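Asks: Okay, so here is entry-v6.cif, and as you'll see once you scroll down, it has mmCIF, C-alpha atoms.
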```
data_input
#
loop_
_atom_site.label_atom_id
_atom_site.label_comp_id
_atom_site.auth_asym_id
_atom_site.auth_seq_id
_atom_site.Cartn_x
_atom_site.Cartn_y
_atom_site.Cartn_z
CA MET A 1382 22.84 3.76 -33.09
CA THR A 1383 21.45 5.45 -30.04
CA ASN A 1384 23.78 6.67 -27.31
CA PHE A 1385 22.45 4.91 -24.23
CA LEU A 1386 24.29 5.03 -20.93
CA GLU A 1387 25.54 1.72 -19.56
CA ILE A 1388 23.77 0.07 -16.65
CA GLU A 1389 25.80 -0.35 -13.48
CA GLU A 1390 26.95 -3.99 -13.43
CA ALA A 1391 25.52 -4.63 -9.96
CA ASP A 1392 22.13 -3.25 -10.97
CA ARG A 1393 21.68 -4.97 -14.34
CA LEU A 1394 19.72 -7.85 -12.78
CA LEU A 1395 17.24 -5.36 -11.29
CA PHE A 1396 16.76 -3.74 -14.68
CA PHE A 1397 15.99 -7.07 -16.32
CA ARG A 1398 13.53 -8.03 -13.58
CA TYR A 1399 11.51 -4.93 -14.44
CA ALA A 1400 12.02 -5.09 -18.20
CA TRP A 1401 11.77 -8.80 -18.99
CA PRO A 1402 7.93 -9.01 -18.74
CA ALA A 1403 7.90 -6.98 -21.96
CA ALA A 1404 10.05 -9.56 -23.77
CA ALA A 1405 6.89 -11.24 -25.09
CA GLY A 1406 6.51 -8.26 -27.41
CA CYS A 1407 10.06 -8.87 -28.67
CA VAL A 1408 9.07 -12.44 -29.56
CA GLN A 1409 6.13 -11.10 -31.58
CA ARG A 1410 8.54 -8.82 -33.45
CA ALA A 1411 10.90 -11.80 -33.99
CA GLU A 1412 13.72 -10.05 -32.11
CA ILE A 1413 14.17 -13.06 -29.83
CA THR A 1414 12.80 -16.60 -29.66
CA LYS A 1415 10.33 -17.84 -27.05
CA ASP A 1416 12.90 -20.42 -25.90
CA GLU A 1417 15.47 -17.71 -25.31
CA VAL A 1418 12.96 -15.63 -23.37
CA GLU A 1419 12.36 -18.62 -21.07
CA ARG A 1420 16.08 -19.36 -20.73
CA VAL A 1421 16.85 -15.75 -19.76
CA ALA A 1422 13.89 -15.67 -17.34
CA GLY A 1423 15.46 -18.70 -15.66
CA LEU A 1424 18.75 -16.83 -15.29
CA ILE A 1425 16.95 -13.84 -13.77
CA LYS A 1426 15.12 -16.01 -11.25
CA SER A 1427 18.44 -17.64 -10.31
CA GLY A 1428 19.87 -14.21 -9.57
CA ILE A 1429 22.13 -14.13 -12.64
CA ALA A 1430 22.12 -10.93 -14.67
CA PRO A 1431 21.51 -11.58 -18.38
CA GLU A 1432 24.11 -10.41 -20.87
CA GLU A 1433 24.31 -6.74 -21.79
CA LYS A 1434 23.21 -7.46 -25.37
CA TYR A 1435 19.63 -7.98 -24.19
CA GLU A 1436 19.44 -4.32 -23.09
CA ASN A 1437 18.98 -3.44 -26.76
CA LEU A 1438 15.60 -5.16 -26.76
CA PHE A 1439 14.35 -2.43 -24.45
CA LYS A 1440 15.23 0.79 -26.20
CA VAL A 1441 12.37 2.85 -24.75
CA PRO A 1442 13.33 2.38 -21.09
CA MET A 1443 17.04 2.59 -21.97
CA ALA A 1444 16.48 5.97 -23.64
CA HIS A 1445 14.31 7.40 -20.87
CA MET A 1446 16.69 6.12 -18.16
CA THR A 1447 19.65 7.65 -20.00
CA VAL A 1448 17.91 11.03 -19.83
CA LEU A 1449 16.95 10.52 -16.17
CA ALA A 1450 20.56 9.64 -15.33
CA LYS A 1451 21.83 12.99 -16.59
CA GLY A 1452 24.91 13.89 -14.55
CA LYS A 1453 25.67 10.26 -13.69
CA ASN A 1454 28.13 8.01 -15.55
CA LYS A 1455 25.87 4.99 -15.46
CA ILE A 1456 22.27 3.95 -14.95
CA ASP A 1457 21.92 2.67 -11.38
CA LYS A 1458 19.14 1.17 -9.25
CA GLU A 1459 17.84 4.64 -8.32
CA ILE A 1460 17.33 5.43 -11.98
CA ILE A 1461 15.87 1.99 -12.77
CA ARG A 1462 13.25 2.23 -10.01
CA GLY A 1463 12.70 5.93 -10.70
CA TYR A 1464 11.84 5.10 -14.28
CA PHE A 1465 9.71 1.99 -13.82
CA LEU A 1466 7.87 3.05 -10.65
CA PHE A 1467 7.34 6.74 -11.36
CA GLU A 1468 8.27 8.19 -14.76
CA HIS A 1469 6.97 5.28 -16.85
CA ASN A 1470 3.71 5.05 -14.89
CA GLU A 1471 2.82 8.57 -16.01
CA PHE A 1472 2.43 7.55 -19.63
CA ALA A 1473 1.99 3.76 -19.66
CA GLU A 1474 -1.34 2.06 -20.25
CA ASP A 1475 -2.81 0.50 -17.08
CA TYR A 1476 -1.66 -3.01 -18.04
CA CYS A 1477 1.91 -1.81 -18.60
CA LYS A 1478 2.20 0.10 -15.33
CA THR A 1479 3.96 -1.21 -12.23
CA TYR A 1480 1.89 -1.74 -9.08
CA PHE A 1481 2.58 -2.48 -5.44
CA GLY A 1482 0.63 -5.40 -4.06
CA THR A 1483 0.37 -8.11 -1.44
CA VAL A 1484 0.66 -11.81 -2.25
CA MET A 1485 -2.61 -13.44 -1.21
CA GLN A 1486 -2.05 -16.97 -2.48
CA ILE A 1487 0.53 -19.03 -4.34
CA LYS A 1488 -0.49 -21.65 -6.87
CA GLU A 1489 2.39 -23.51 -8.54
CA ASP A 1490 4.35 -20.86 -10.44
CA HIS A 1491 1.73 -18.14 -10.06
CA ALA A 1492 0.88 -15.70 -7.31
CA PHE A 1493 -2.47 -14.09 -6.66
CA VAL A 1494 -1.57 -10.53 -5.81
CA GLU A 1495 -3.87 -7.80 -4.54
CA THR A 1496 -3.04 -4.40 -6.04
CA SER A 1497 -5.09 -1.28 -6.73
CA LEU A 1498 -6.43 -3.23 -9.74
CA GLY A 1499 -7.88 -5.94 -7.47
CA ILE A 1500 -6.68 -9.52 -7.04
CA ARG A 1501 -5.00 -10.82 -10.17
CA GLU A 1502 -2.73 -13.68 -11.12
CA TYR A 1503 0.95 -12.94 -11.74
CA ARG A 1504 3.74 -15.24 -12.86
CA LEU A 1505 6.64 -16.07 -10.57
CA ASP A 1506 9.08 -16.78 -13.41
CA LEU A 1507 11.40 -13.91 -12.48
CA VAL A 1508 11.20 -13.63 -8.70
CA HIS A 1509 10.12 -15.99 -5.96
CA ALA A 1510 7.57 -14.64 -3.48
CA ASP A 1511 5.63 -15.95 -0.50
CA VAL A 1512 2.15 -15.33 0.83
CA HIS A 1513 1.73 -11.99 2.71
CA GLU A 1514 4.82 -10.48 1.12
CA THR A 1515 4.66 -7.05 -0.47
CA VAL A 1516 5.77 -7.13 -4.08
CA ILE A 1517 5.88 -5.04 -7.23
CA VAL A 1518 4.15 -6.42 -10.32
CA HIS A 1519 4.63 -5.49 -13.96
CA ARG A 1520 2.82 -6.80 -17.04
CA GLY A 1521 1.64 -10.05 -15.49
CA TYR A 1522 4.81 -10.84 -13.52
CA VAL A 1523 6.03 -10.33 -9.96
CA VAL A 1524 9.23 -8.32 -10.53
CA GLU A 1525 10.49 -7.29 -7.11
CA LYS A 1526 9.99 -8.12 -3.46
CA VAL A 1527 9.56 -4.98 -1.36
CA THR A 1528 11.90 -5.59 1.56
CA GLU A 1529 12.64 -2.96 4.24
CA GLU A 1530 15.73 -1.89 2.30
CA VAL A 1531 13.78 -1.55 -0.94
CA THR A 1532 11.04 0.42 0.87
CA ALA A 1533 13.60 2.90 2.18
CA GLU A 1534 15.06 3.36 -1.30
CA ILE A 1535 11.64 3.82 -2.88
CA ASN A 1536 10.61 6.34 -0.21
CA LYS A 1537 13.62 8.46 -1.13
CA LEU A 1538 12.57 8.30 -4.78
CA LYS A 1539 8.99 9.25 -3.88
CA GLU A 1540 10.24 12.54 -2.46
CA LYS A 1541 12.27 13.22 -5.57
CA TYR A 1542 9.62 12.30 -8.14
CA THR A 1543 6.62 13.85 -6.41
CA LYS A 1544 8.48 17.16 -6.08
CA LYS A 1545 8.84 17.31 -9.87
CA MET B 10 7.75 -2.50 -24.58
CA CYS B 11 5.84 0.71 -24.46
CA ILE B 12 4.37 2.00 -27.65
CA THR B 13 6.42 4.28 -29.85
CA THR B 14 5.33 6.36 -32.79
CA ILE B 15 7.30 7.05 -35.95
CA GLY B 16 7.92 10.62 -37.02
CA LYS B 17 9.82 12.52 -39.68
CA ILE B 18 12.10 15.34 -38.61
CA ILE B 19 11.03 18.57 -40.27
CA LYS B 20 13.18 21.02 -38.32
CA ILE B 21 16.14 20.82 -35.96
CA ASP B 22 17.06 23.36 -33.34
CA ASP B 23 20.13 22.27 -31.39
CA LYS B 24 19.08 19.20 -29.36
CA LYS B 25 15.39 19.51 -30.20
CA ALA B 26 13.57 18.55 -33.34
CA LEU B 27 10.13 19.27 -34.67
CA VAL B 28 8.73 15.96 -35.82
CA GLN B 29 5.82 15.29 -38.15
CA LEU B 30 3.66 12.52 -36.71
CA LYS B 31 0.56 11.02 -38.30
CA LYS B 32 -1.83 13.83 -37.48
CA SER B 33 0.26 16.36 -35.60
CA THR B 34 3.72 17.74 -34.98
CA ARG B 35 5.69 17.34 -31.77
CA GLU B 36 8.87 18.82 -30.37
CA VAL B 37 11.19 16.01 -29.24
CA ARG B 38 14.63 15.74 -27.70
CA ILE B 39 17.18 14.26 -30.07
CA ASP B 40 20.25 14.30 -27.85
CA LEU B 41 20.46 10.49 -27.81
CA VAL B 42 20.17 10.10 -31.56
CA ASP B 43 22.40 11.33 -34.36
CA ALA B 44 19.66 12.56 -36.67
CA LYS B 45 19.15 15.26 -39.27
CA LYS B 46 16.26 16.93 -41.07
CA GLY B 47 14.36 14.41 -43.18
CA ASP B 48 15.30 11.40 -41.01
CA TYR B 49 12.64 9.11 -39.58
CA ILE B 50 12.80 8.34 -35.86
CA TYR B 51 10.96 6.31 -33.24
CA VAL B 52 9.46 8.65 -30.65
CA SER B 53 8.39 7.89 -27.09
CA ARG B 54 6.64 10.86 -25.47
CA ASP B 55 9.05 13.75 -26.07
CA LEU B 56 12.11 11.63 -26.70
CA ALA B 57 13.67 10.29 -29.90
CA ILE B 58 14.56 6.65 -29.23
CA GLU B 59 16.19 5.50 -32.44
CA LYS B 60 16.63 6.36 -36.10
CA ILE B 61 14.80 4.20 -38.58
CA ASP B 62 15.58 3.62 -42.22
CA LYS B 63 13.23 5.55 -44.55
CA LYS B 64 12.11 2.40 -46.38
CA ASP B 65 11.33 0.57 -43.12
CA ALA B 66 9.57 3.62 -41.69
CA GLU B 67 7.33 3.99 -44.72
CA LYS B 68 6.55 0.26 -44.69
CA ILE B 69 5.55 0.35 -41.00
CA LEU B 70 3.53 3.55 -41.43
CA ASN B 71 1.66 2.01 -44.37
CA GLU B 72 0.97 -1.16 -42.36
CA ARG B 73 -0.32 0.90 -39.44
CA ALA B 74 -2.51 2.94 -41.79
CA GLU B 75 -4.01 -0.31 -43.14
CA VAL B 76 -4.75 -1.47 -39.57
CA ASP B 77 -6.38 1.90 -38.79
CA LYS B 78 -8.67 1.54 -41.82
CA LYS B 79 -10.04 -1.78 -40.54
#
```
How would this structure read if it were set down as structure tokens?
Replies:
Amino acid sequence: MTNFLEIEEADRLLFFRYAWPAAAGCVQRAEITKDEVERVAGLIKSGIAPEEKYENLFKVPMAHMTVLAKGKNKIDKEIIRGYFLFEHNEFAEDYCKTYFGTVMQIKEDHAFVETSLGIREYRLDLVHADVHETVIVHRGYVVEKVTEEVTAEINKLKEKYTKK
Amino acid sequence: MCITTIGKIIKIDDKKALVQLKKSTREVRIDLVDAKKGDYIYVSRDLAIEKIDKKDAEKILNERAEVDKK
């Protein structure tokens, strides 16, 4: 059993927005069923944080975030974004990285988002987004809308992680 | 999730371990995992993620070796 830190209750939903796009890999490894993945995605989109037990599907981010959170009692939104937007992008393959982008077009439950990779299609199963909005995408999904508040929080993290 | 490799701990020095990977050795942090010399662990970059049973580790390593041959 690995000694992961707990995620702050209020920030668990944010963690799952970033992590859930990787749940397809858990289906391949038979750790969860496809139906359950879809059910939990529905919870996330409704703004309901999935149960803690699902954190165990994502041991790599949990371990890295635990190390990043050194000195804190829990993993919070600063650590979650710090990991997925900065730390993890240093070693992830291009497809697995997170990217900022602008929503160009919406088609049913998909968004066409322009990022540094060009315009690609991303699923809206986890977060709703509208045309012209700035969003963060991860592994084929829109995972977070970049509001003014989120921008301010990410800018603080930029200073911290680029000083490293 | 992101790719992990499997390694065998060949030496432990406090919270760090020297791990034998497929073709190299790597120093990894083991402060999150209760592991000892001879244990197999999942490794992500320089971090031990989880211990893995020897039998399971050898099975996965053999399967990966078969894939590499193809």
Asks: Considering all atoms listed in the file, give me a table of residues in range 1399-1476 of chain A that are at most 12 Å from range 21-38 of chain B, with the closest atom pair and distance in Å for each, as a tab-separated table.
Replies:
```
residue	atom	partner	partner_atom	distance
A:Ala1444	CA	B:Arg38	CA	10.7
A:His1445	CA	B:Arg38	CA	10.8
A:Val1448	CA	B:Arg38	CA	9.7
```
Asks: Residues of chain B near chain A: apply a cut-off of 10 Å, count all atoms listed in the file, and supply the list as a ChimeraX atom specification.
Replies: /B:10-13,38-44,51-61
Asks: Find the distance between CA of Asp1511 in chain A and CA of Lys1415 in chain A and write it in Å to one decimal.
Replies: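 Taking CA of Asp1511 in chain A as the start and CA of Lys1415 in chain A as the end point, the length is 27.0 Å.
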Asks: Care to translate the PyMOL selection byres ((chain A and resi 1425-1431) around 10) into actual residues of this file, as a compact mmCIF listing (two decimals) with C-alpha atoms, in the frame of the given file?
Replies:
```
# COMPACT_ATOMS: atom_id res chain seq x y z
CA GLU A 1390 26.95 -3.99 -13.43
CA ALA A 1391 25.52 -4.63 -9.96
CA ASP A 1392 22.13 -3.25 -10.97
CA ARG A 1393 21.68 -4.97 -14.34
CA LEU A 1394 19.72 -7.85 -12.78
CA LEU A 1395 17.24 -5.36 -11.29
CA PHE A 1396 16.76 -3.74 -14.68
CA PHE A 1397 15.99 -7.07 -16.32
CA ARG A 1398 13.53 -8.03 -13.58
CA TRP A 1401 11.77 -8.80 -18.99
CA GLU A 1419 12.36 -18.62 -21.07
CA ARG A 1420 16.08 -19.36 -20.73
CA VAL A 1421 16.85 -15.75 -19.76
CA ALA A 1422 13.89 -15.67 -17.34
CA GLY A 1423 15.46 -18.70 -15.66
CA LEU A 1424 18.75 -16.83 -15.29
CA GLU A 1432 24.11 -10.41 -20.87
CA GLU A 1433 24.31 -6.74 -21.79
CA LYS A 1434 23.21 -7.46 -25.37
CA TYR A 1435 19.63 -7.98 -24.19
CA GLU A 1436 19.44 -4.32 -23.09
CA LEU A 1505 6.64 -16.07 -10.57
CA ASP A 1506 9.08 -16.78 -13.41
CA LEU A 1507 11.40 -13.91 -12.48
CA VAL A 1508 11.20 -13.63 -8.70
CA HIS A 1509 10.12 -15.99 -5.96
CA VAL A 1524 9.23 -8.32 -10.53
```
Asks: Quick one: distance from CA of Asn1437 in chain A to CA of Gly1463 in chain A in Å, one decimal?
Replies: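 CA of Asn1437 in chain A sits 19.6 Å away from CA of Gly1463 in chain A.
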Asks: Taking the file as I've supplied it (selection: the PyMOL selection byres ((chain B and resi 63) around 12)), which residues are included? Please answer as an NGL selection string.
Replies: :B and (15-18 or 47-51 or 60-62 or 64-70)
Asks: Quick one: pull the distance between CA of Ala1533 in chain A and CA of Val1518 in chain A, Å, one decimal.
Replies: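 Separation between CA of Ala1533 in chain A and CA of Val1518 in chain A: 18.2 Å.
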Asks: Using all atoms listed in the file, find the one residue out of A:Asn1454, A:Thr1496, A:Thr1414, A:Thr1479 that sits nearest to Tyr1399 in chain A.
Replies: A:Thr1479
Asks: Within 9 Å of Lys1526 in chain A, counting all atoms listed in the file, which residues qualify if same-chain residues fewer than 3 places away don't, as a PyMOL selection string?
Replies: chain A and resi 1508-1510+1514-1517+1523+1531
Asks: Using only C-alpha atoms, find the one residue out of A:Ile1388, A:Val1512, A:Ile1535, A:Val1484 that sits nearest to Ala1450 in chain A.
Replies: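 Smallest distance to Ala1450 in chain A is found for A:Ile1388.
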Asks: Show me as a list in words the residues that reach within 12 Å of (-8.3, -6.8, -6.1), counting all atoms listed in the file and using the file's own coordinates.
Replies: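 Within 12 Å of (-8.3, -6.8, -6.1), the protein and nucleic acid residues are Tyr1480, Phe1481, Gly1482, Thr1483, Val1484, Met1485, Phe1493, Val1494, Glu1495, Thr1496, Ser1497, Leu1498, Gly1499, Ile1500, Arg1501 and Glu1502 of chain A.
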